[in-house]
>>> print(open('coords_35.csv').read())   # CSV, C-alpha atoms and all ligand atoms
chain,number,residue,atom,x,y,z
X,1,MET,CA,-0.4,-9.1,5.6
X,2,ARG,CA,-2.2,-9.1,2.2
X,3,GLU,CA,-5.7,-10.3,1.8
X,4,VAL,CA,-8.3,-10.3,-0.9
X,5,VAL,CA,-12.0,-10.3,0.2
X,6,ALA,CA,-14.5,-11.0,-2.6
X,7,GLY,CA,-18.2,-10.5,-2.6
X,8,ARG,CA,-20.9,-8.0,-3.2
X,9,LEU,CA,-19.4,-4.8,-1.8
X,10,VAL,CA,-21.8,-2.5,0.0
X,11,LEU,CA,-20.7,1.0,-1.0
X,12,VAL,CA,-22.4,4.1,0.3
X,13,ASP,CA,-25.0,4.2,-2.5
X,14,ALA,CA,-24.8,0.9,-4.3
X,15,VAL,CA,-24.0,-2.8,-4.1
X,16,VAL,CA,-21.1,-3.6,-6.5
X,17,PRO,CA,-19.7,-7.1,-7.0
X,18,GLY,CA,-15.9,-7.3,-6.8
X,19,ARG,CA,-12.9,-7.6,-4.6
X,20,VAL,CA,-11.3,-5.6,-1.8
X,21,VAL,CA,-7.6,-5.8,-1.6
X,22,VAL,CA,-6.3,-5.4,2.0
X,23,ALA,CA,-2.7,-4.6,2.8
X,24,ASP,CA,-1.3,-3.9,6.2
X,25,GLY,CA,-4.8,-3.4,7.7
X,26,ARG,CA,-5.9,-0.8,5.1
X,27,ILE,CA,-7.9,-1.0,1.9
X,28,ALA,CA,-5.3,-1.0,-0.8
X,29,ALA,CA,-7.6,-1.4,-3.9
X,30,ILE,CA,-11.2,-2.0,-4.9
X,31,GLU,CA,-11.7,-4.2,-8.0
X,32,PRO,CA,-15.2,-4.3,-9.4
X,33,ASP,CA,-16.0,-7.6,-11.1
X,34,ASP,CA,-19.4,-8.6,-12.3
X,35,ALA,CA,-18.4,-12.2,-12.2
X,36,VAL,CA,-18.0,-12.2,-8.5
X,37,ASP,CA,-20.7,-13.6,-6.2
X,38,GLY,CA,-20.5,-14.4,-2.6
X,39,PRO,CA,-21.3,-12.7,0.7
X,40,PHE,CA,-22.2,-9.1,1.1
X,41,VAL,CA,-19.1,-7.2,2.2
X,42,ALA,CA,-20.0,-4.2,4.3
X,43,PRO,CA,-17.8,-1.7,6.2
X,44,GLY,CA,-17.5,-2.5,9.9
X,45,PHE,CA,-20.3,-1.1,12.0
X,46,ILE,CA,-19.7,1.7,14.5
X,47,ASP,CA,-21.9,1.8,17.6
X,48,VAL,CA,-21.7,5.2,19.2
X,49,HIS,CA,-24.3,4.5,21.9
X,50,VAL,CA,-23.9,1.1,23.7
X,51,HIS,CA,-23.8,0.4,27.4
X,52,GLY,CA,-22.5,-3.1,27.3
X,53,TRP,CA,-22.8,-6.5,25.6
X,54,GLY,CA,-22.6,-10.1,26.4
X,55,GLY,CA,-22.8,-9.6,30.2
X,56,HIS,CA,-20.1,-7.0,30.2
X,57,ASP,CA,-20.8,-3.4,31.4
X,58,ALA,CA,-19.2,-0.3,29.8
X,59,THR,CA,-19.0,1.2,33.3
X,60,GLY,CA,-17.0,-1.8,34.6
X,61,ASP,CA,-13.3,-2.5,34.8
X,62,ALA,CA,-10.8,-3.2,32.0
X,63,ASP,CA,-11.9,-6.8,31.8
X,64,ALA,CA,-15.5,-5.7,31.3
X,65,LEU,CA,-14.5,-3.3,28.6
X,66,SER,CA,-12.5,-6.0,26.8
X,67,GLY,CA,-15.4,-8.5,27.1
X,68,MET,CA,-17.8,-6.0,25.7
X,69,ALA,CA,-15.4,-5.1,22.8
X,70,ARG,CA,-15.0,-8.8,21.9
X,71,ALA,CA,-18.7,-9.5,22.0
X,72,LEU,CA,-19.5,-6.5,19.8
X,73,LEU,CA,-16.9,-7.4,17.2
X,74,ARG,CA,-18.6,-10.8,16.7
X,75,HIS,CA,-21.7,-8.9,15.6
X,76,GLY,CA,-19.9,-6.8,13.0
X,77,VAL,CA,-19.2,-3.8,15.3
X,78,THR,CA,-15.6,-2.9,14.6
X,79,SER,CA,-15.6,0.5,16.5
X,80,PHE,CA,-17.6,1.8,19.4
X,81,LEU,CA,-18.0,4.3,22.2
X,82,PRO,CA,-18.4,2.7,25.6
X,83,THR,CA,-21.4,4.7,26.9
X,84,ALA,CA,-22.2,5.6,30.5
X,85,PRO,CA,-25.8,6.2,31.6
X,86,THR,CA,-26.3,8.9,34.3
X,87,LEU,CA,-23.7,8.3,37.0
X,88,ALA,CA,-23.1,10.1,40.3
X,89,ALA,CA,-21.1,13.2,39.6
X,90,ASP,CA,-17.9,12.0,41.2
X,91,GLU,CA,-18.2,8.7,39.1
X,92,LEU,CA,-18.0,10.6,35.8
X,93,PRO,CA,-14.3,11.3,35.9
X,94,ARG,CA,-13.7,7.7,37.2
X,95,PHE,CA,-15.5,6.3,34.2
X,96,ALA,CA,-13.5,8.5,31.9
X,97,ASP,CA,-10.3,7.5,33.5
X,98,ARG,CA,-11.1,3.8,33.2
X,99,VAL,CA,-11.9,4.0,29.5
X,100,ARG,CA,-8.9,6.2,28.8
X,101,SER,CA,-6.4,3.8,30.6
X,102,TRP,CA,-8.0,0.8,28.9
X,103,MET,CA,-8.0,2.1,25.3
X,104,PRO,CA,-4.3,1.6,24.7
X,105,VAL,CA,-4.6,-2.1,25.8
X,106,ALA,CA,-7.9,-2.8,24.2
X,107,PRO,CA,-7.8,-6.3,22.6
X,108,ALA,CA,-7.0,-6.6,18.9
X,109,ASP,CA,-9.9,-9.2,18.6
X,110,GLY,CA,-12.4,-6.7,19.9
X,111,ALA,CA,-14.2,-3.7,18.5
X,112,GLU,CA,-11.9,-0.6,18.6
X,113,PRO,CA,-12.8,2.1,21.1
X,114,LEU,CA,-12.9,5.6,19.8
X,115,GLY,CA,-13.4,7.4,23.1
X,116,PHE,CA,-16.6,7.4,25.2
X,117,ASN,CA,-20.1,8.7,25.3
X,118,LEU,CA,-21.8,10.2,28.4
X,119,GLU,CA,-25.6,9.9,28.3
X,120,GLY,CA,-26.1,11.9,31.5
X,121,PRO,CA,-26.4,13.6,33.9
X,122,PHE,CA,-27.8,16.7,32.1
X,123,ILE,CA,-31.1,15.2,31.2
X,124,ALA,CA,-34.6,16.4,32.0
X,125,PRO,CA,-36.4,14.8,34.9
X,126,ALA,CA,-39.6,14.6,32.9
X,127,ARG,CA,-37.8,12.5,30.2
X,128,LYS,CA,-35.4,10.6,32.3
X,129,GLY,CA,-36.3,7.2,30.8
X,130,ALA,CA,-34.3,4.5,32.7
X,131,HIS,CA,-31.9,7.0,34.4
X,132,ASP,CA,-31.7,7.3,38.1
X,133,PRO,CA,-33.6,10.5,39.0
X,134,ALA,CA,-31.5,11.1,42.1
X,135,LEU,CA,-28.4,11.6,40.0
X,136,LEU,CA,-29.7,14.1,37.4
X,137,ARG,CA,-27.9,17.5,37.3
X,138,THR,CA,-28.0,20.7,35.2
X,139,PRO,CA,-24.9,22.2,33.7
X,140,ALA,CA,-25.4,25.2,36.0
X,141,ASP,CA,-25.4,23.1,39.2
X,142,LEU,CA,-22.5,20.8,38.5
X,143,ASP,CA,-18.9,21.7,39.5
X,144,PRO,CA,-17.3,22.8,36.3
X,145,ALA,CA,-14.1,21.0,37.3
X,146,ILE,CA,-15.9,17.7,36.8
X,147,ILE,CA,-16.6,18.6,33.2
X,148,ASP,CA,-13.0,19.5,32.7
X,149,ARG,CA,-11.9,16.1,33.9
X,150,VAL,CA,-14.1,14.2,31.4
X,151,LEU,CA,-13.3,16.2,28.2
X,152,ASP,CA,-10.3,14.1,27.1
X,153,GLY,CA,-11.8,11.2,25.2
X,154,LEU,CA,-15.4,12.4,25.4
X,155,ARG,CA,-16.9,12.2,21.9
X,156,ILE,CA,-20.7,12.5,22.5
X,157,MET,CA,-22.7,13.9,25.4
X,158,THR,CA,-26.4,13.9,25.7
X,159,ILE,CA,-27.8,17.3,26.9
X,160,ALA,CA,-31.4,18.5,27.3
X,161,PRO,CA,-31.2,22.0,25.9
X,162,GLU,CA,-33.8,23.5,28.1
X,163,LEU,CA,-31.9,23.0,31.4
X,164,PRO,CA,-30.0,26.0,33.0
X,165,GLY,CA,-26.6,26.3,31.5
X,166,SER,CA,-27.1,23.8,28.7
X,167,LEU,CA,-26.7,26.1,25.7
X,168,ALA,CA,-23.4,27.4,26.9
X,169,LEU,CA,-22.2,23.8,27.5
X,170,ILE,CA,-23.4,22.7,24.1
X,171,ALA,CA,-21.5,25.6,22.5
X,172,ARG,CA,-18.4,24.8,24.5
X,173,LEU,CA,-18.4,21.1,23.7
X,174,ALA,CA,-19.0,21.8,20.0
X,175,GLY,CA,-16.1,24.2,20.0
X,176,LEU,CA,-13.9,21.3,21.3
X,177,GLY,CA,-15.0,18.9,18.5
X,178,ILE,CA,-17.2,16.9,20.9
X,179,ALA,CA,-20.7,16.1,19.6
X,180,PRO,CA,-23.5,17.4,21.8
X,181,SER,CA,-26.4,15.1,21.4
X,182,ILE,CA,-29.8,16.7,22.1
X,183,GLY,CA,-32.0,14.3,24.0
X,184,HIS,CA,-33.7,13.1,27.1
X,185,SER,CA,-35.5,16.4,26.8
X,186,GLN,CA,-38.9,18.0,27.2
X,187,ALA,CA,-37.8,20.9,25.0
X,188,THR,CA,-40.4,22.9,23.1
X,189,LEU,CA,-39.7,23.3,19.4
X,190,GLU,CA,-38.0,26.6,20.0
X,191,GLU,CA,-35.8,25.2,22.8
X,192,ALA,CA,-34.9,22.2,20.7
X,193,ARG,CA,-33.9,24.5,17.7
X,194,ALA,CA,-31.9,26.6,20.1
X,195,GLY,CA,-30.0,23.5,21.2
X,196,PHE,CA,-29.1,22.6,17.6
X,197,ALA,CA,-28.3,26.2,16.8
X,198,ALA,CA,-25.9,26.4,19.8
X,199,GLY,CA,-23.9,23.4,18.4
X,200,GLY,CA,-26.1,20.3,18.9
X,201,ARG,CA,-24.8,17.8,16.3
X,202,THR,CA,-26.9,14.8,16.9
X,203,THR,CA,-30.0,13.5,18.6
X,204,THR,CA,-30.1,10.9,21.3
X,205,HIS,CA,-32.4,8.0,20.2
X,206,LEU,CA,-35.0,9.9,18.1
X,207,PHE,CA,-38.5,9.7,19.5
X,208,ASN,CA,-37.5,8.0,22.7
X,209,ALA,CA,-37.4,10.1,25.9
X,210,MET,CA,-38.2,13.4,24.1
X,211,SER,CA,-41.0,15.8,23.3
X,212,GLY,CA,-42.3,14.4,20.1
X,213,ALA,CA,-44.3,15.0,16.9
X,214,ASP,CA,-47.6,16.2,18.3
X,215,HIS,CA,-49.2,18.2,15.5
X,216,ARG,CA,-50.2,21.1,17.7
X,217,ALA,CA,-47.2,21.0,20.1
X,218,PRO,CA,-44.2,19.8,18.1
X,219,GLY,CA,-41.1,19.2,20.1
X,220,LEU,CA,-37.5,17.9,19.8
X,221,ALA,CA,-38.5,15.0,17.5
X,222,VAL,CA,-39.8,17.4,14.9
X,223,ALA,CA,-36.8,19.8,15.3
X,224,ALA,CA,-34.4,16.9,14.8
X,225,LEU,CA,-36.3,15.5,11.8
X,226,ALA,CA,-36.6,18.9,10.1
X,227,ASP,CA,-32.9,20.0,10.6
X,228,ASP,CA,-30.9,18.6,7.7
X,229,ASN,CA,-27.6,19.2,9.5
X,230,ALA,CA,-28.6,17.3,12.7
X,231,TYR,CA,-27.8,13.6,13.0
X,232,ALA,CA,-30.4,11.4,14.5
X,233,GLU,CA,-29.9,8.1,16.4
X,234,LEU,CA,-32.4,5.4,15.8
X,235,ILE,CA,-32.7,2.2,18.0
X,236,ALA,CA,-34.1,-0.1,15.3
X,237,ASP,CA,-35.0,-3.0,17.5
X,238,GLY,CA,-38.7,-2.7,16.7
X,239,PHE,CA,-39.6,-1.9,20.4
X,240,HIS,CA,-38.2,1.6,20.8
X,241,VAL,CA,-39.7,3.1,17.7
X,242,HIS,CA,-42.5,1.3,15.8
X,243,PRO,CA,-41.3,0.2,12.4
X,244,ALA,CA,-44.2,2.1,10.8
X,245,LEU,CA,-42.2,5.3,11.7
X,246,TRP,CA,-39.0,4.1,10.1
X,247,PRO,CA,-39.8,5.1,6.5
X,248,ILE,CA,-41.0,8.5,7.8
X,249,ILE,CA,-37.6,9.0,9.4
X,250,THR,CA,-35.7,7.8,6.3
X,251,ARG,CA,-37.7,10.0,4.0
X,252,THR,CA,-37.2,13.0,6.2
X,253,LYS,CA,-33.6,12.7,7.2
X,254,PRO,CA,-30.9,13.1,4.5
X,255,PRO,CA,-29.3,9.7,3.8
X,256,ASP,CA,-26.1,10.8,5.5
X,257,ARG,CA,-27.7,11.9,8.8
X,258,LEU,CA,-29.3,8.7,10.2
X,259,VAL,CA,-27.2,6.9,12.8
X,260,LEU,CA,-28.2,3.4,14.0
X,261,VAL,CA,-27.3,2.8,17.6
X,262,SER,CA,-28.0,-0.2,19.7
X,263,ASP,CA,-28.3,1.5,23.1
X,264,ALA,CA,-27.7,-2.1,24.2
X,265,LEU,CA,-27.6,-3.1,27.9
X,266,PRO,CA,-24.8,-5.1,29.4
X,267,LEU,CA,-27.0,-8.2,29.4
X,268,ALA,CA,-27.6,-8.0,25.6
X,269,GLY,CA,-26.9,-11.4,24.1
X,270,LYS,CA,-27.5,-13.2,27.4
X,271,GLY,CA,-31.2,-14.0,26.9
X,272,ASP,CA,-34.0,-13.0,29.3
X,273,GLY,CA,-33.5,-12.3,32.9
X,274,PHE,CA,-32.9,-9.6,35.5
X,275,THR,CA,-30.0,-7.1,35.9
X,276,ARG,CA,-29.1,-3.8,37.4
X,277,VAL,CA,-28.3,-0.8,35.2
X,278,GLY,CA,-27.2,2.6,36.6
X,279,GLY,CA,-28.6,1.5,40.0
X,280,LEU,CA,-32.0,0.5,38.6
X,281,ASP,CA,-33.6,-2.9,38.3
X,282,VAL,CA,-34.1,-4.0,34.7
X,283,GLU,CA,-36.1,-7.0,33.4
X,284,VAL,CA,-35.7,-8.6,30.0
X,285,ARG,CA,-38.5,-10.6,28.5
X,286,GLY,CA,-38.6,-11.7,24.9
X,287,GLY,CA,-35.6,-9.4,24.2
X,288,ARG,CA,-37.5,-6.3,25.5
X,289,ALA,CA,-35.9,-4.6,28.5
X,290,THR,CA,-37.9,-2.5,30.9
X,291,LEU,CA,-37.5,-1.0,34.3
X,292,ARG,CA,-38.8,-3.8,36.6
X,293,GLY,CA,-42.5,-3.5,37.2
X,294,THR,CA,-43.0,-0.7,34.6
X,295,GLU,CA,-43.4,-0.3,30.8
X,296,THR,CA,-40.4,2.1,30.7
X,297,LEU,CA,-37.9,0.8,28.1
X,298,ALA,CA,-34.4,0.5,29.6
X,299,GLY,CA,-32.3,0.0,26.4
X,300,SER,CA,-32.1,-2.7,23.9
X,301,THR,CA,-30.6,-6.2,23.7
X,302,ILE,CA,-29.6,-6.0,20.0
X,303,ALA,CA,-26.3,-5.1,18.2
X,304,LEU,CA,-26.1,-3.2,15.0
X,305,ASP,CA,-26.2,-6.3,12.8
X,306,SER,CA,-29.8,-6.8,13.9
X,307,ALA,CA,-30.6,-3.1,13.4
X,308,VAL,CA,-29.3,-3.3,9.8
X,309,ARG,CA,-31.3,-6.5,9.2
X,310,ASN,CA,-34.4,-5.0,10.7
X,311,LEU,CA,-34.2,-1.9,8.5
X,312,VAL,CA,-33.8,-3.9,5.3
X,313,ARG,CA,-36.7,-6.2,6.3
X,314,GLU,CA,-38.8,-3.0,6.4
X,315,GLY,CA,-37.9,-2.1,2.9
X,316,ILE,CA,-35.0,0.2,3.4
X,317,ALA,CA,-32.2,-0.3,0.8
X,318,LEU,CA,-29.1,-2.2,2.1
X,319,PRO,CA,-26.6,0.6,1.3
X,320,ARG,CA,-28.7,3.1,3.2
X,321,ALA,CA,-29.0,0.8,6.2
X,322,VAL,CA,-25.3,0.1,6.2
X,323,ALA,CA,-24.4,3.8,5.8
X,324,ALA,CA,-26.5,4.4,8.9
X,325,ALA,CA,-24.4,1.8,10.8
X,326,ALA,CA,-21.0,2.7,9.4
X,327,SER,CA,-20.2,5.9,7.3
X,328,ASN,CA,-22.7,8.1,9.1
X,329,PRO,CA,-21.5,7.4,12.6
X,330,ALA,CA,-17.9,7.7,11.3
X,331,GLU,CA,-18.6,11.1,10.0
X,332,LEU,CA,-20.4,12.2,13.1
X,333,LEU,CA,-17.2,11.3,15.0
X,334,GLY,CA,-14.9,12.9,12.5
X,335,ALA,CA,-13.4,9.4,12.0
X,336,GLN,CA,-12.7,9.8,8.3
X,337,ASP,CA,-10.3,6.8,8.4
X,338,ARG,CA,-13.1,4.3,8.6
X,339,GLY,CA,-16.8,3.6,7.9
X,340,ARG,CA,-16.6,3.1,4.1
X,341,ILE,CA,-15.1,0.6,1.6
X,342,GLU,CA,-12.7,3.1,0.1
X,343,VAL,CA,-9.1,3.0,-0.8
X,344,GLY,CA,-6.9,4.2,2.1
X,345,ARG,CA,-9.5,3.5,4.9
X,346,VAL,CA,-9.0,0.9,7.6
X,347,ALA,CA,-9.9,-2.6,6.5
X,348,HIS,CA,-12.8,-3.1,8.9
X,349,LEU,CA,-15.1,-5.4,7.0
X,350,VAL,CA,-18.2,-7.4,7.8
X,351,LEU,CA,-19.2,-10.4,5.7
X,352,LEU,CA,-22.9,-11.0,5.7
X,353,ASP,CA,-24.9,-13.9,4.2
X,354,GLU,CA,-28.0,-13.7,2.2
X,355,ASP,CA,-30.1,-13.1,5.4
X,356,LEU,CA,-27.6,-10.4,6.5
X,357,ARG,CA,-26.3,-12.6,9.3
X,358,VAL,CA,-22.7,-12.0,10.2
X,359,ARG,CA,-20.4,-14.8,8.9
X,360,ARG,CA,-16.9,-13.2,9.4
X,361,VAL,CA,-15.5,-9.9,10.5
X,362,LEU,CA,-12.1,-8.4,9.6
X,363,ARG,CA,-10.6,-5.8,11.9
X,364,GLY,CA,-7.4,-4.7,10.2
X,365,ASP,CA,-5.6,-8.0,10.1
X,366,VAL,CA,-7.6,-10.0,12.6
X,367,TRP,CA,-10.5,-12.2,11.5
X,368,VAL,CA,-13.2,-13.3,13.9
X,369,LYS,CA,-16.3,-15.4,13.5
X,370,PRO,CA,-19.6,-15.0,15.5
X,371,ALA,CA,-19.7,-17.1,18.7
X,401,ZN,ZN,-28.5,4.8,26.4
>>> encode(input="coords_35.csv", output="structure tokens")
Amino acid sequence: MREVVAGRLVLVDAVVPGRVVVADGRIAAIEPDDAVDGPFVAPGFIDVHVHGWGGHDATGDADALSGMARALLRHGVTSFLPTAPTLAADELPRFADRVRSWMPVAPADGAEPLGFNLEGPFIAPARKGAHDPALLRTPADLDPAIIDRVLDGLRIMTIAPELPGSLALIARLAGLGIAPSIGHSQATLEEARAGFAAGGRTTTHLFNAMSGADHRAPGLAVAALADDNAYAELIADGFHVHPALWPIITRTKPPDRLVLVSDALPLAGKGDGFTRVGGLDVEVRGGRATLRGTETLAGSTIALDSAVRNLVREGIALPRAVAAAASNPAELLGAQDRGRIEVGRVAHLVLLDEDLRVRRVLRGDVWVKPA
């Protein structure tokens, strides 16, 4: 199949009018042309931290994973990592098995799975957020055989570096090419730095569920902001981190180190209501999801299309916002075959209108439209 997609191409550092020539699911040529107008054409978004979408739960069965993938693609998310919150220890390998056996049969009209992400159980009780406290573990007190059984397909794992055994596990995962994500942590500045030094590659939802930026007692947030090698996730829904902080993050982090994530709940896209996540009751009101009866945020109800739109609305340049949703997560995962509009990369393209709303999405040779 040959296809020509014309518009304002969102490259890593500029918006350039022109055409993308697609052949056999790959970008075969890029033809700049000042005469071209039309939609913004961005590389497909990559959500590395998402618990479900459209009523479908990442920890569910193959049908749930397919439903989630299809819902995400219609929001411009062409690749993703199904992400488990903290699960019971014996559930971890079962989740891994379900994702692994589903991946080869994932639908062509859904976002492409690139493995999976485990957000627990190695998180600090004091920064547990919306994770079930009864299920938390430390790397030192979990049967190592369970870890061995989740390694295949594991791409990112959240670890609080101050827990017993964490630094050794961080180093082991990093050595295997898995990205340890420092987060859900009460770490002091020194403990956080030790986590990155041991091999921590990224940071689980910067500012949320972590020791912060107190000027006398800086913690993980400061360590993550000040480390130019560390990636940092941002949930840009406007609830998790106040937009007044966003320019501080974008001025501090190198442009290739910010990673937009949705951290979306399974009921994202379903409006307000009640649900259960990881065994806990969650309430959604006005798009804001909290543990029922508390002010503890439980995840978001957005997809990365909203995150990009929100960043741009706050004055962040479109190429920078798109890089945070596409090329940066691709590089974090070592997925050099995608994430940019570049000859040879997979043709995962999102067409966005003037208001940055998704109009059409190309995944290789399949076009979809938003529902
Ligand atoms: Zn999460």
>>> atom_distance(input="coords_35.csv", atom1="atom CA of X:Asp97", atom2="atom CA of X:Leu297")
28.9 Å
>>> closest_residue(input="coords_35.csv", among="X:Ile235, X:Leu11, X:Ala130, X:Ala88", to="X:Val277", atoms="all atoms listed in the file")
X:Ala130
>>> residues_near_ligand(input="coords_35.csv", ligand="ligand ZN 401 (chain X)", cutoff="9 Å", atoms="all atoms listed in the file", output="ChimeraX atom specification")
/X:49-51,83-85,118-119,130-131,204-205,262-265,298-300
>>> residues_around(input="coords_35.csv", residues="X:Glu190", least_positions_apart="5", cutoff="10 Å", atoms="all atoms listed in the file", output="VMD selection string")
chain X and resid 162 195 218 to 220 223
>>> atom_distance(input="coords_35.csv", atom1="atom CA of X:Ser101", atom2="atom CA of X:Gly52")
17.8 Å
>>> closest_residue(input="coords_35.csv", among="X:Pro255, X:Gly76, X:Gly183, X:Gly364", to="X:Ala126", atoms="all atoms listed in the file")
X:Gly183
>>> closest_atom_pairs(input="coords_35.csv", of="stretch 159-215 of chain X", to="stretch 149-155 of chain X", cutoff="12 Å", atoms="only C-alpha atoms", output="Markdown table")
| residue | atom | partner | partner_atom | distance |
| --- | --- | --- | --- | --- |
| X:Leu169 | CA | X:Leu151 | CA | 11.7 |
| X:Arg172 | CA | X:Leu151 | CA | 10.7 |
| X:Leu173 | CA | X:Leu151 | CA | 8.4 |
| X:Ala174 | CA | X:Arg155 | CA | 10.0 |
| X:Gly175 | CA | X:Leu151 | CA | 11.8 |
| X:Leu176 | CA | X:Leu151 | CA | 8.6 |
| X:Gly177 | CA | X:Arg155 | CA | 7.7 |
| X:Ile178 | CA | X:Arg155 | CA | 4.8 |
| X:Ala179 | CA | X:Arg155 | CA | 5.9 |
| X:Pro180 | CA | X:Arg155 | CA | 8.4 |
| X:Ser181 | CA | X:Arg155 | CA | 9.9 |
| X:Arg201 | CA | X:Arg155 | CA | 11.2 |
| X:Thr202 | CA | X:Arg155 | CA | 11.5 |
>>> closest_residue(input="coords_35.csv", among="X:Leu167, X:Leu280, X:Ala160, X:Leu258", to="X:Leu135", atoms="all atoms listed in the file")
X:Leu280
>>> closest_residue(input="coords_35.csv", among="X:Ala236, X:Val346, X:Val308, X:Leu260", to="X:Arg26", atoms="all atoms listed in the file")
X:Val346
>>> residues_around(input="coords_35.csv", residues="X:Trp53", least_positions_apart="4", cutoff="9 Å", atoms="all atoms listed in the file", output="list in words")
Asp57, Ala58, Gly67, Met68, Ala69, Arg70, Ala71, Leu72, Ala264, Leu265, Pro266, Leu267, Ala268, Gly269, Lys270, Thr301, Ile302 and Ala303 of chain X
>>> atom_distance(input="coords_35.csv", atom1="atom CA of X:Gly339", atom2="atom CA of X:Ala325")
8.3 Å
>>> residues_near_point(input="coords_35.csv", point="(-38.0, -12.0, 25.2)", cutoff="10 Å", atoms="all atoms listed in the file", output="ChimeraX atom specification")
/X:271-273,283-289,301
>>> closest_residue(input="coords_35.csv", among="X:Asp237, X:Gly7, X:Ala230, X:Gly200", to="X:Asn310", atoms="only C-alpha atoms")
X:Asp237
>>> closest_residue(input="coords_35.csv", among="X:Arg74, X:Ala197, X:Ala6, X:Leu311", to="X:His242", atoms="all atoms listed in the file")
X:Leu311
>>> residues_around(input="coords_35.csv", residues="stretch 136-138 of chain X", least_positions_apart="4", cutoff="10 Å", atoms="all atoms listed in the file", output="ChimeraX atom specification")
/X:86-89,120-125,128,131-132,142,159-166
>>> residues_around(input="coords_35.csv", residues="X:Val105", least_positions_apart="4", cutoff="12 Å", atoms="all atoms listed in the file", output="PyMOL selection string")
chain X and resi 62-63+65-66+69+98-101+109-110+112-113
>>> write_last_selection(input="coords_35.csv", atoms="C-alpha atoms", output="mmCIF file, keeping the file's coordinate frame")
data_model
loop_
_atom_site.group_PDB
_atom_site.id
_atom_site.type_symbol
_atom_site.label_atom_id
_atom_site.label_comp_id
_atom_site.auth_asym_id
_atom_site.auth_seq_id
_atom_site.Cartn_x
_atom_site.Cartn_y
_atom_site.Cartn_z
ATOM 1 C CA ALA X 62 -10.800 -3.200 32.000
ATOM 2 C CA ASP X 63 -11.900 -6.800 31.800
ATOM 3 C CA LEU X 65 -14.500 -3.300 28.600
ATOM 4 C CA SER X 66 -12.500 -6.000 26.800
ATOM 5 C CA ALA X 69 -15.400 -5.100 22.800
ATOM 6 C CA ARG X 98 -11.100 3.800 33.200
ATOM 7 C CA VAL X 99 -11.900 4.000 29.500
ATOM 8 C CA ARG X 100 -8.900 6.200 28.800
ATOM 9 C CA SER X 101 -6.400 3.800 30.600
ATOM 10 C CA ASP X 109 -9.900 -9.200 18.600
ATOM 11 C CA GLY X 110 -12.400 -6.700 19.900
ATOM 12 C CA GLU X 112 -11.900 -0.600 18.600
ATOM 13 C CA PRO X 113 -12.800 2.100 21.100
#
>>> closest_atom_pairs(input="coords_35.csv", of="stretch 75-146 of chain X", to="stretch 36-43 of chain X", cutoff="12 Å", atoms="all atoms listed in the file", output="Markdown table")
| residue | atom | partner | partner_atom | distance |
| --- | --- | --- | --- | --- |
| X:Gly76 | CA | X:Pro43 | CA | 8.8 |
| X:Val77 | CA | X:Pro43 | CA | 9.4 |
| X:Thr78 | CA | X:Pro43 | CA | 8.8 |
| X:Ser79 | CA | X:Pro43 | CA | 10.8 |
>>> residues_near_point(input="coords_35.csv", point="(-37.9, 16.5, 14.9)", cutoff="10 Å", atoms="all atoms listed in the file", output="PDB file with C-alpha atoms, in the frame of the given file")
ATOM      1  CA  LEU X 189     -39.700  23.300  19.400  1.00  0.00           C
ATOM      2  CA  ALA X 192     -34.900  22.200  20.700  1.00  0.00           C
ATOM      3  CA  ARG X 193     -33.900  24.500  17.700  1.00  0.00           C
ATOM      4  CA  THR X 203     -30.000  13.500  18.600  1.00  0.00           C
ATOM      5  CA  LEU X 206     -35.000   9.900  18.100  1.00  0.00           C
ATOM      6  CA  PHE X 207     -38.500   9.700  19.500  1.00  0.00           C
ATOM      7  CA  MET X 210     -38.200  13.400  24.100  1.00  0.00           C
ATOM      8  CA  SER X 211     -41.000  15.800  23.300  1.00  0.00           C
ATOM      9  CA  GLY X 212     -42.300  14.400  20.100  1.00  0.00           C
ATOM     10  CA  ALA X 213     -44.300  15.000  16.900  1.00  0.00           C
ATOM     11  CA  PRO X 218     -44.200  19.800  18.100  1.00  0.00           C
ATOM     12  CA  GLY X 219     -41.100  19.200  20.100  1.00  0.00           C
ATOM     13  CA  LEU X 220     -37.500  17.900  19.800  1.00  0.00           C
ATOM     14  CA  ALA X 221     -38.500  15.000  17.500  1.00  0.00           C
ATOM     15  CA  VAL X 222     -39.800  17.400  14.900  1.00  0.00           C
ATOM     16  CA  ALA X 223     -36.800  19.800  15.300  1.00  0.00           C
ATOM     17  CA  ALA X 224     -34.400  16.900  14.800  1.00  0.00           C
ATOM     18  CA  LEU X 225     -36.300  15.500  11.800  1.00  0.00           C
ATOM     19  CA  ALA X 226     -36.600  18.900  10.100  1.00  0.00           C
ATOM     20  CA  ASP X 227     -32.900  20.000  10.600  1.00  0.00           C
ATOM     21  CA  ALA X 230     -28.600  17.300  12.700  1.00  0.00           C
ATOM     22  CA  ALA X 232     -30.400  11.400  14.500  1.00  0.00           C
ATOM     23  CA  ILE X 249     -37.600   9.000   9.400  1.00  0.00           C
ATOM     24  CA  THR X 252     -37.200  13.000   6.200  1.00  0.00           C
ATOM     25  CA  LYS X 253     -33.600  12.700   7.200  1.00  0.00           C
TER      26      LYS X 253
END
